[in-house]
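Okay, structure first, notes after.
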Amino acid sequence: MYKKMIPLAFLGLFLAACAGEAETTTTSTSSESAVQTETAADPYAHLKAPELPKKEAGPKVEHEVVGKHYAMAYASTFESYYFFDDGRFMYTINSDYIPSVMTGEWSAQGNKISFKPDAHYYGKPNGPIIPPCGSSCTYADYIMEMKSYSRAIDPIDIKEGQGEELPFEVYEHGLKSSDIHTFLRAKDSKRSSAEVSNRPLQPSELKNKSLEELRLMRNEVFAAYSYKFKDKALAAHFKAQGFKSHSSDVTAFLSPLEKDNIALIKQVETIKKEQTKH
């Protein structure tokens, strides 16, 4: 009788061991499932904020032109020079809402300022002339472009012709940065989402916004560069905010940060649209 009971005892132990393995396996699977469910519950978890390139700050330039805007008018031509303490300058010709801005490095020998341009941002006419057209014409539409620029800009003498013959009107320009994109947006003061241009956006601050909020946030960048919206609702909205509209293409003016932030906003929009389908 004992001989018959021993195998049965071993059988009981074997079944108990199997039951333990099954419970462990089930627990493990359950734990993995919880992790997967948690990840699926946050479809924004894989999104990352843009990274800013690291820039080493160079020595500050000290000269009386730093922070100044030198403007000169003759005949129908208006020239303006903006100087920054990082050795960068911006030079505009007849610039109102139609940009023609050159940027590069400047150097000084006493009162004489020399220029080494490296880029030209401008509006290329892309439509009929708006009359009247004299020595300076405006057009119904522009395509904004940027190209490398190495042609010389004539040096200036800031003290040439003292008293009433001084050719320059001098102002404090008040610009905090020589960033060309900031300069091209400088006249737009009614932005409600300026952070898209100023800092990397975080996915966490975007995921709770509505699709309409994200759409306006993304398109406000284009409005800041005077984009002509084809969508009537967007055109009306940004016109009411005081934005001008002169260009059917402003892509070349967008900064790398703005492009990255816009791409992130569009990713969030895509996720939200997918969520509305379910």
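For the structure tokens, the naming scheme is as follows: chains receive sequential letters (A, B, ...) according to their order of presentation, residues are indexed from 1 within each chain, and ligands are indexed from 1 in presentation order.
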Which residues come within 7 Å of stretch 258-263 of chain A, counting only C-alpha atoms, excluding same-chain residues fewer than 5 positions away, as a compact mmCIF listing (two decimals) with all heavy atoms, in the first residue's frame?
```txt
# COMPACT_ATOMS: atom_id res chain seq x y z
N PRO A 50 12.41 69.69 -29.49
CA PRO A 50 13.58 69.99 -30.33
C PRO A 50 14.80 70.32 -29.48
O PRO A 50 14.67 70.80 -28.34
CB PRO A 50 13.12 71.22 -31.14
CG PRO A 50 11.64 71.18 -31.10
CD PRO A 50 11.28 70.58 -29.77
N VAL A 196 6.68 79.56 -29.98
CA VAL A 196 7.01 78.69 -31.11
C VAL A 196 8.29 79.18 -31.79
O VAL A 196 9.05 78.38 -32.34
CB VAL A 196 5.85 78.63 -32.13
CG1 VAL A 196 6.16 77.65 -33.25
CG2 VAL A 196 4.56 78.23 -31.43
N SER A 197 8.53 80.47 -31.74
CA SER A 197 9.73 81.05 -32.35
C SER A 197 10.88 81.21 -31.37
O SER A 197 12.02 81.36 -31.80
CB SER A 197 9.39 82.42 -32.94
OG SER A 197 8.44 82.33 -33.97
N PRO A 200 12.34 75.75 -27.55
CA PRO A 200 11.83 74.42 -27.90
C PRO A 200 10.54 74.12 -27.14
O PRO A 200 10.45 74.31 -25.94
CB PRO A 200 12.95 73.48 -27.45
CG PRO A 200 14.17 74.33 -27.37
CD PRO A 200 13.69 75.69 -26.95
N LEU A 201 9.53 73.66 -27.86
CA LEU A 201 8.26 73.28 -27.23
C LEU A 201 8.38 71.89 -26.63
O LEU A 201 9.12 71.03 -27.12
CB LEU A 201 7.14 73.30 -28.26
CG LEU A 201 6.83 74.65 -28.92
CD1 LEU A 201 5.73 74.49 -29.96
CD2 LEU A 201 6.41 75.69 -27.88
N ARG A 218 0.49 76.86 -34.87
CA ARG A 218 1.43 76.52 -35.94
C ARG A 218 1.42 77.56 -37.05
O ARG A 218 2.47 77.98 -37.55
CB ARG A 218 1.06 75.13 -36.48
CG ARG A 218 1.77 74.72 -37.74
CD ARG A 218 1.55 73.25 -38.03
NE ARG A 218 0.17 72.84 -38.03
CZ ARG A 218 -0.63 72.95 -39.10
NH1 ARG A 218 -0.19 73.49 -40.22
NH2 ARG A 218 -1.88 72.53 -39.04
```
Close residues, A:Ile153 itself excluded, 8 Å, only C-alpha atoms, min 4 positions apart in chain, as a short mmCIF file (atom, residue, chain, number, x, y, z; two decimals) with N, CA and C atoms, in the first residue's frame:
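The file below, part.cif, is the result:
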```
data_model
loop_
_atom_site.label_atom_id
_atom_site.label_comp_id
_atom_site.auth_asym_id
_atom_site.auth_seq_id
_atom_site.Cartn_x
_atom_site.Cartn_y
_atom_site.Cartn_z
N SER A 114 33.52 98.69 -41.64
CA SER A 114 33.57 97.83 -42.83
C SER A 114 32.66 96.64 -42.64
N PHE A 115 32.22 96.07 -43.76
CA PHE A 115 31.22 95.00 -43.72
C PHE A 115 31.69 93.78 -44.51
N LYS A 116 31.33 92.61 -43.97
CA LYS A 116 31.59 91.35 -44.66
C LYS A 116 30.27 90.57 -44.68
N PRO A 117 29.42 90.81 -45.68
CA PRO A 117 28.10 90.14 -45.72
C PRO A 117 28.23 88.66 -46.04
#
```
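Minimum atom-to-atom distance to A:Arg185, evaluated using only C-alpha atoms, belongs to A:Pro99 out of A:Gly134, A:Gly127, A:Pro167, A:Pro99.
With only C-alpha atoms as the atoms that count, the minimum distance from A:Lys159 to the choices A:Gly174, A:Gly110, A:Pro203, A:Pro128 is reached by A:Gly110.
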Can you pull out the residues contacting stretch 143-150 of chain A? Cut-off 12 Å, using only C-alpha atoms, and skip same-chain residues under 5 positions away; I want them as a PDB file with N, CA, C and O atoms, in the first residue's frame.
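Saved as selection22.pdb:
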```pdb
ATOM      1  N   TYR A  97       7.605  96.745 -45.494  1.00  0.00           N
ATOM      2  CA  TYR A  97       7.116  95.389 -45.278  1.00  0.00           C
ATOM      3  C   TYR A  97       7.707  94.429 -46.294  1.00  0.00           C
ATOM      4  O   TYR A  97       7.504  93.229 -46.219  1.00  0.00           O
ATOM      5  N   ILE A  98       8.446  94.949 -47.275  1.00  0.00           N
ATOM      6  CA  ILE A  98       9.072  94.094 -48.280  1.00  0.00           C
ATOM      7  C   ILE A  98      10.541  93.960 -47.911  1.00  0.00           C
ATOM      8  O   ILE A  98      11.305  94.911 -48.054  1.00  0.00           O
ATOM      9  N   PRO A  99      10.957  92.828 -47.411  1.00  0.00           N
ATOM     10  CA  PRO A  99      12.315  92.747 -46.887  1.00  0.00           C
ATOM     11  C   PRO A  99      13.386  92.657 -47.973  1.00  0.00           C
ATOM     12  O   PRO A  99      13.219  92.006 -48.995  1.00  0.00           O
ATOM     13  N   SER A 100      14.468  93.341 -47.743  1.00  0.00           N
ATOM     14  CA  SER A 100      15.721  93.145 -48.458  1.00  0.00           C
ATOM     15  C   SER A 100      16.794  93.392 -47.417  1.00  0.00           C
ATOM     16  O   SER A 100      17.227  94.524 -47.209  1.00  0.00           O
ATOM     17  N   VAL A 101      17.185  92.332 -46.739  1.00  0.00           N
ATOM     18  CA  VAL A 101      18.058  92.452 -45.582  1.00  0.00           C
ATOM     19  C   VAL A 101      19.311  91.614 -45.791  1.00  0.00           C
ATOM     20  O   VAL A 101      19.229  90.423 -46.076  1.00  0.00           O
ATOM     21  N   MET A 102      20.459  92.264 -45.657  1.00  0.00           N
ATOM     22  CA  MET A 102      21.734  91.561 -45.722  1.00  0.00           C
ATOM     23  C   MET A 102      22.310  91.496 -44.323  1.00  0.00           C
ATOM     24  O   MET A 102      22.160  92.439 -43.526  1.00  0.00           O
ATOM     25  N   THR A 103      22.963  90.404 -44.032  1.00  0.00           N
ATOM     26  CA  THR A 103      23.540  90.235 -42.706  1.00  0.00           C
ATOM     27  C   THR A 103      24.924  89.624 -42.833  1.00  0.00           C
ATOM     28  O   THR A 103      25.249  88.977 -43.831  1.00  0.00           O
ATOM     29  N   GLY A 104      25.751  89.854 -41.832  1.00  0.00           N
ATOM     30  CA  GLY A 104      27.125  89.360 -41.857  1.00  0.00           C
ATOM     31  C   GLY A 104      27.896  89.939 -40.692  1.00  0.00           C
ATOM     32  O   GLY A 104      27.330  90.242 -39.642  1.00  0.00           O
ATOM     33  N   GLU A 105      29.211  90.125 -40.871  1.00  0.00           N
ATOM     34  CA  GLU A 105      30.076  90.613 -39.805  1.00  0.00           C
ATOM     35  C   GLU A 105      30.544  92.031 -40.113  1.00  0.00           C
ATOM     36  O   GLU A 105      30.714  92.407 -41.273  1.00  0.00           O
ATOM     37  N   PHE A 115      32.220  96.066 -43.757  1.00  0.00           N
ATOM     38  CA  PHE A 115      31.223  94.995 -43.724  1.00  0.00           C
ATOM     39  C   PHE A 115      31.691  93.779 -44.506  1.00  0.00           C
ATOM     40  O   PHE A 115      32.321  93.902 -45.558  1.00  0.00           O
ATOM     41  N   LYS A 116      31.334  92.614 -43.974  1.00  0.00           N
ATOM     42  CA  LYS A 116      31.592  91.348 -44.659  1.00  0.00           C
ATOM     43  C   LYS A 116      30.274  90.567 -44.678  1.00  0.00           C
ATOM     44  O   LYS A 116      30.002  89.761 -43.799  1.00  0.00           O
ATOM     45  N   PRO A 117      29.416  90.811 -45.682  1.00  0.00           N
ATOM     46  CA  PRO A 117      28.103  90.138 -45.717  1.00  0.00           C
ATOM     47  C   PRO A 117      28.233  88.660 -46.043  1.00  0.00           C
ATOM     48  O   PRO A 117      29.178  88.232 -46.716  1.00  0.00           O
ATOM     49  N   ASP A 118      27.268  87.873 -45.555  1.00  0.00           N
ATOM     50  CA  ASP A 118      27.268  86.443 -45.868  1.00  0.00           C
ATOM     51  C   ASP A 118      25.898  85.910 -46.282  1.00  0.00           C
ATOM     52  O   ASP A 118      25.797  84.789 -46.766  1.00  0.00           O
ATOM     53  N   ALA A 119      24.819  86.685 -46.077  1.00  0.00           N
ATOM     54  CA  ALA A 119      23.487  86.191 -46.453  1.00  0.00           C
ATOM     55  C   ALA A 119      22.576  87.347 -46.823  1.00  0.00           C
ATOM     56  O   ALA A 119      22.719  88.455 -46.306  1.00  0.00           O
ATOM     57  N   HIS A 120      21.652  87.073 -47.736  1.00  0.00           N
ATOM     58  CA  HIS A 120      20.679  88.072 -48.176  1.00  0.00           C
ATOM     59  C   HIS A 120      19.282  87.464 -48.084  1.00  0.00           C
ATOM     60  O   HIS A 120      19.002  86.424 -48.689  1.00  0.00           O
ATOM     61  N   TYR A 121      18.420  88.093 -47.313  1.00  0.00           N
ATOM     62  CA  TYR A 121      17.019  87.699 -47.191  1.00  0.00           C
ATOM     63  C   TYR A 121      16.186  88.744 -47.928  1.00  0.00           C
ATOM     64  O   TYR A 121      16.311  89.937 -47.655  1.00  0.00           O
ATOM     65  N   TYR A 122      15.346  88.289 -48.835  1.00  0.00           N
ATOM     66  CA  TYR A 122      14.632  89.267 -49.651  1.00  0.00           C
ATOM     67  C   TYR A 122      13.320  88.693 -50.171  1.00  0.00           C
ATOM     68  O   TYR A 122      13.091  87.470 -50.166  1.00  0.00           O
ATOM     69  N   GLY A 123      12.467  89.611 -50.638  1.00  0.00           N
ATOM     70  CA  GLY A 123      11.212  89.222 -51.258  1.00  0.00           C
ATOM     71  C   GLY A 123      11.326  89.305 -52.774  1.00  0.00           C
ATOM     72  O   GLY A 123      11.592  90.378 -53.324  1.00  0.00           O
ATOM     73  N   LYS A 124      11.150  88.200 -53.428  1.00  0.00           N
ATOM     74  CA  LYS A 124      11.209  88.154 -54.890  1.00  0.00           C
ATOM     75  C   LYS A 124       9.810  88.414 -55.446  1.00  0.00           C
ATOM     76  O   LYS A 124       8.865  87.707 -55.109  1.00  0.00           O
ATOM     77  N   PRO A 125       9.637  89.458 -56.289  1.00  0.00           N
ATOM     78  CA  PRO A 125       8.306  89.765 -56.839  1.00  0.00           C
ATOM     79  C   PRO A 125       7.677  88.564 -57.526  1.00  0.00           C
ATOM     80  O   PRO A 125       8.332  87.834 -58.271  1.00  0.00           O
ATOM     81  N   ASN A 126       6.392  88.353 -57.243  1.00  0.00           N
ATOM     82  CA  ASN A 126       5.688  87.196 -57.796  1.00  0.00           C
ATOM     83  C   ASN A 126       4.247  87.573 -58.148  1.00  0.00           C
ATOM     84  O   ASN A 126       3.318  86.836 -57.912  1.00  0.00           O
ATOM     85  N   GLY A 127       4.077  88.756 -58.698  1.00  0.00           N
ATOM     86  CA  GLY A 127       2.732  89.216 -59.042  1.00  0.00           C
ATOM     87  C   GLY A 127       2.808  90.566 -59.723  1.00  0.00           C
ATOM     88  O   GLY A 127       3.892  91.130 -59.900  1.00  0.00           O
ATOM     89  N   ILE A 180      18.589  86.949 -37.410  1.00  0.00           N
ATOM     90  CA  ILE A 180      17.915  87.532 -38.569  1.00  0.00           C
ATOM     91  C   ILE A 180      16.422  87.262 -38.545  1.00  0.00           C
ATOM     92  O   ILE A 180      15.612  88.096 -38.954  1.00  0.00           O
ATOM     93  N   HIS A 181      16.028  86.122 -38.023  1.00  0.00           N
ATOM     94  CA  HIS A 181      14.610  85.767 -38.001  1.00  0.00           C
ATOM     95  C   HIS A 181      13.835  86.679 -37.049  1.00  0.00           C
ATOM     96  O   HIS A 181      12.709  87.092 -37.348  1.00  0.00           O
ATOM     97  N   LEU A 184      13.339  89.921 -38.914  1.00  0.00           N
ATOM     98  CA  LEU A 184      12.306  89.864 -39.956  1.00  0.00           C
ATOM     99  C   LEU A 184      10.901  89.821 -39.373  1.00  0.00           C
ATOM    100  O   LEU A 184       9.940  90.179 -40.042  1.00  0.00           O
ATOM    101  N   PHE A 222       3.789  81.482 -39.633  1.00  0.00           N
ATOM    102  CA  PHE A 222       3.740  81.932 -41.021  1.00  0.00           C
ATOM    103  C   PHE A 222       3.155  83.338 -41.108  1.00  0.00           C
ATOM    104  O   PHE A 222       3.622  84.169 -41.897  1.00  0.00           O
ATOM    105  N   TYR A 225       5.569  86.166 -40.663  1.00  0.00           N
ATOM    106  CA  TYR A 225       6.396  86.512 -41.823  1.00  0.00           C
ATOM    107  C   TYR A 225       5.554  87.017 -42.996  1.00  0.00           C
ATOM    108  O   TYR A 225       5.992  87.001 -44.141  1.00  0.00           O
ATOM    109  N   SER A 226       4.334  87.444 -42.705  1.00  0.00           N
ATOM    110  CA  SER A 226       3.436  88.065 -43.698  1.00  0.00           C
ATOM    111  C   SER A 226       2.942  87.097 -44.767  1.00  0.00           C
ATOM    112  O   SER A 226       2.798  87.457 -45.944  1.00  0.00           O
ATOM    113  N   TYR A 227       2.641  85.867 -44.356  1.00  0.00           N
ATOM    114  CA  TYR A 227       2.133  84.873 -45.297  1.00  0.00           C
ATOM    115  C   TYR A 227       0.705  85.196 -45.722  1.00  0.00           C
ATOM    116  O   TYR A 227      -0.115  85.648 -44.910  1.00  0.00           O
ATOM    117  N   LYS A 228       0.409  84.978 -46.991  1.00  0.00           N
ATOM    118  CA  LYS A 228      -0.944  85.172 -47.525  1.00  0.00           C
ATOM    119  C   LYS A 228      -1.687  83.836 -47.460  1.00  0.00           C
ATOM    120  O   LYS A 228      -1.450  82.951 -48.276  1.00  0.00           O
ATOM    121  N   SER A 245      -0.172  90.682 -44.886  1.00  0.00           N
ATOM    122  CA  SER A 245      -0.061  89.510 -45.762  1.00  0.00           C
ATOM    123  C   SER A 245       0.453  89.959 -47.122  1.00  0.00           C
ATOM    124  O   SER A 245      -0.260  90.619 -47.871  1.00  0.00           O
ATOM    125  N   HIS A 246       1.706  89.601 -47.415  1.00  0.00           N
ATOM    126  CA  HIS A 246       2.347  90.059 -48.643  1.00  0.00           C
ATOM    127  C   HIS A 246       2.978  88.945 -49.455  1.00  0.00           C
ATOM    128  O   HIS A 246       3.404  89.187 -50.574  1.00  0.00           O
ATOM    129  N   SER A 247       3.071  87.749 -48.891  1.00  0.00           N
ATOM    130  CA  SER A 247       3.862  86.705 -49.549  1.00  0.00           C
ATOM    131  C   SER A 247       3.125  85.370 -49.602  1.00  0.00           C
ATOM    132  O   SER A 247       2.560  84.918 -48.611  1.00  0.00           O
ATOM    133  N   SER A 248       3.167  84.742 -50.778  1.00  0.00           N
ATOM    134  CA  SER A 248       2.551  83.426 -50.935  1.00  0.00           C
ATOM    135  C   SER A 248       3.494  82.297 -50.523  1.00  0.00           C
ATOM    136  O   SER A 248       3.099  81.128 -50.508  1.00  0.00           O
ATOM    137  N   ASP A 249       4.745  82.617 -50.181  1.00  0.00           N
ATOM    138  CA  ASP A 249       5.701  81.597 -49.746  1.00  0.00           C
ATOM    139  C   ASP A 249       6.733  82.242 -48.823  1.00  0.00           C
ATOM    140  O   ASP A 249       7.502  83.109 -49.245  1.00  0.00           O
ATOM    141  N   VAL A 250       6.752  81.834 -47.562  1.00  0.00           N
ATOM    142  CA  VAL A 250       7.703  82.393 -46.593  1.00  0.00           C
ATOM    143  C   VAL A 250       8.611  81.314 -46.004  1.00  0.00           C
ATOM    144  O   VAL A 250       9.328  81.567 -45.037  1.00  0.00           O
ATOM    145  N   THR A 251       8.603  80.128 -46.590  1.00  0.00           N
ATOM    146  CA  THR A 251       9.329  78.989 -46.033  1.00  0.00           C
ATOM    147  C   THR A 251      10.799  79.299 -45.802  1.00  0.00           C
ATOM    148  O   THR A 251      11.382  78.892 -44.789  1.00  0.00           O
ATOM    149  N   ALA A 252      11.420  80.043 -46.719  1.00  0.00           N
ATOM    150  CA  ALA A 252      12.855  80.325 -46.617  1.00  0.00           C
ATOM    151  C   ALA A 252      13.199  81.188 -45.411  1.00  0.00           C
ATOM    152  O   ALA A 252      14.359  81.236 -44.996  1.00  0.00           O
ATOM    153  N   PHE A 253      12.203  81.859 -44.828  1.00  0.00           N
ATOM    154  CA  PHE A 253      12.464  82.753 -43.697  1.00  0.00           C
ATOM    155  C   PHE A 253      12.367  82.036 -42.359  1.00  0.00           C
ATOM    156  O   PHE A 253      12.809  82.568 -41.343  1.00  0.00           O
ATOM    157  N   LEU A 254      11.783  80.852 -42.304  1.00  0.00           N
ATOM    158  CA  LEU A 254      11.605  80.160 -41.033  1.00  0.00           C
ATOM    159  C   LEU A 254      12.955  79.743 -40.449  1.00  0.00           C
ATOM    160  O   LEU A 254      13.843  79.268 -41.158  1.00  0.00           O
ATOM    161  N   SER A 255      13.097  79.914 -39.138  1.00  0.00           N
ATOM    162  CA  SER A 255      14.329  79.495 -38.460  1.00  0.00           C
ATOM    163  C   SER A 255      14.308  77.980 -38.251  1.00  0.00           C
ATOM    164  O   SER A 255      13.241  77.358 -38.256  1.00  0.00           O
TER     165      SER A 255
END
```
Show me, as a ChimeraX atom specification, the residues that have an atom within 12 Å of A:Ala57 when counting only C-alpha atoms, minus same-chain residues fewer than 5 positions from it. /A:85-87
Kindly export the residues of the current selection with N, CA, C and O atoms, as a compact mmCIF listing (two decimals), in the first residue's frame.
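Written output follows (out_2.txt):
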```txt
# COMPACT_ATOMS: atom_id res chain seq x y z
N ASP A 85 26.58 93.54 -30.59
CA ASP A 85 27.84 93.36 -29.88
C ASP A 85 28.51 92.01 -30.13
O ASP A 85 29.60 91.74 -29.61
N ASP A 86 27.88 91.13 -30.91
CA ASP A 86 28.53 89.88 -31.29
C ASP A 86 29.25 90.01 -32.63
O ASP A 86 29.70 89.01 -33.21
N GLY A 87 29.36 91.25 -33.13
CA GLY A 87 30.06 91.48 -34.39
C GLY A 87 29.23 91.27 -35.63
O GLY A 87 29.74 91.27 -36.74
```
Within stretch 60-224 of chain A, find each residue whose DSSP state, derived from the backbone, is strand (DSSP E), and express the selection as a PyMOL selection string. chain A and resi 68-74+77-83+88-93+100-109+112-125+129-130+138-139+142-148+156-157+169-172
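Non-sequential neighbours of A:Gln202 (distance at most 10 Å, separation of 4 or more positions within a chain, only C-alpha atoms) are Leu47, Lys48, Ala49, Pro50, Leu206, Lys207, Asn261, Leu264 and Ile265 of chain A.
For the set A:Thr92, A:Thr182, A:Asn219, A:Asn111, the residue with the smallest atom-to-atom gap to A:Ala235 is A:Asn219, counting only C-alpha atoms.
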Looking at A:Phe229, A:Glu269, A:His173, A:Ser192, which one is nearest to A:Lys209, with distances taken over only C-alpha atoms? A:Glu269
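Coordinates place atom CA of A:Tyr91 at a distance of 17.6 Å from atom CA of A:His63.
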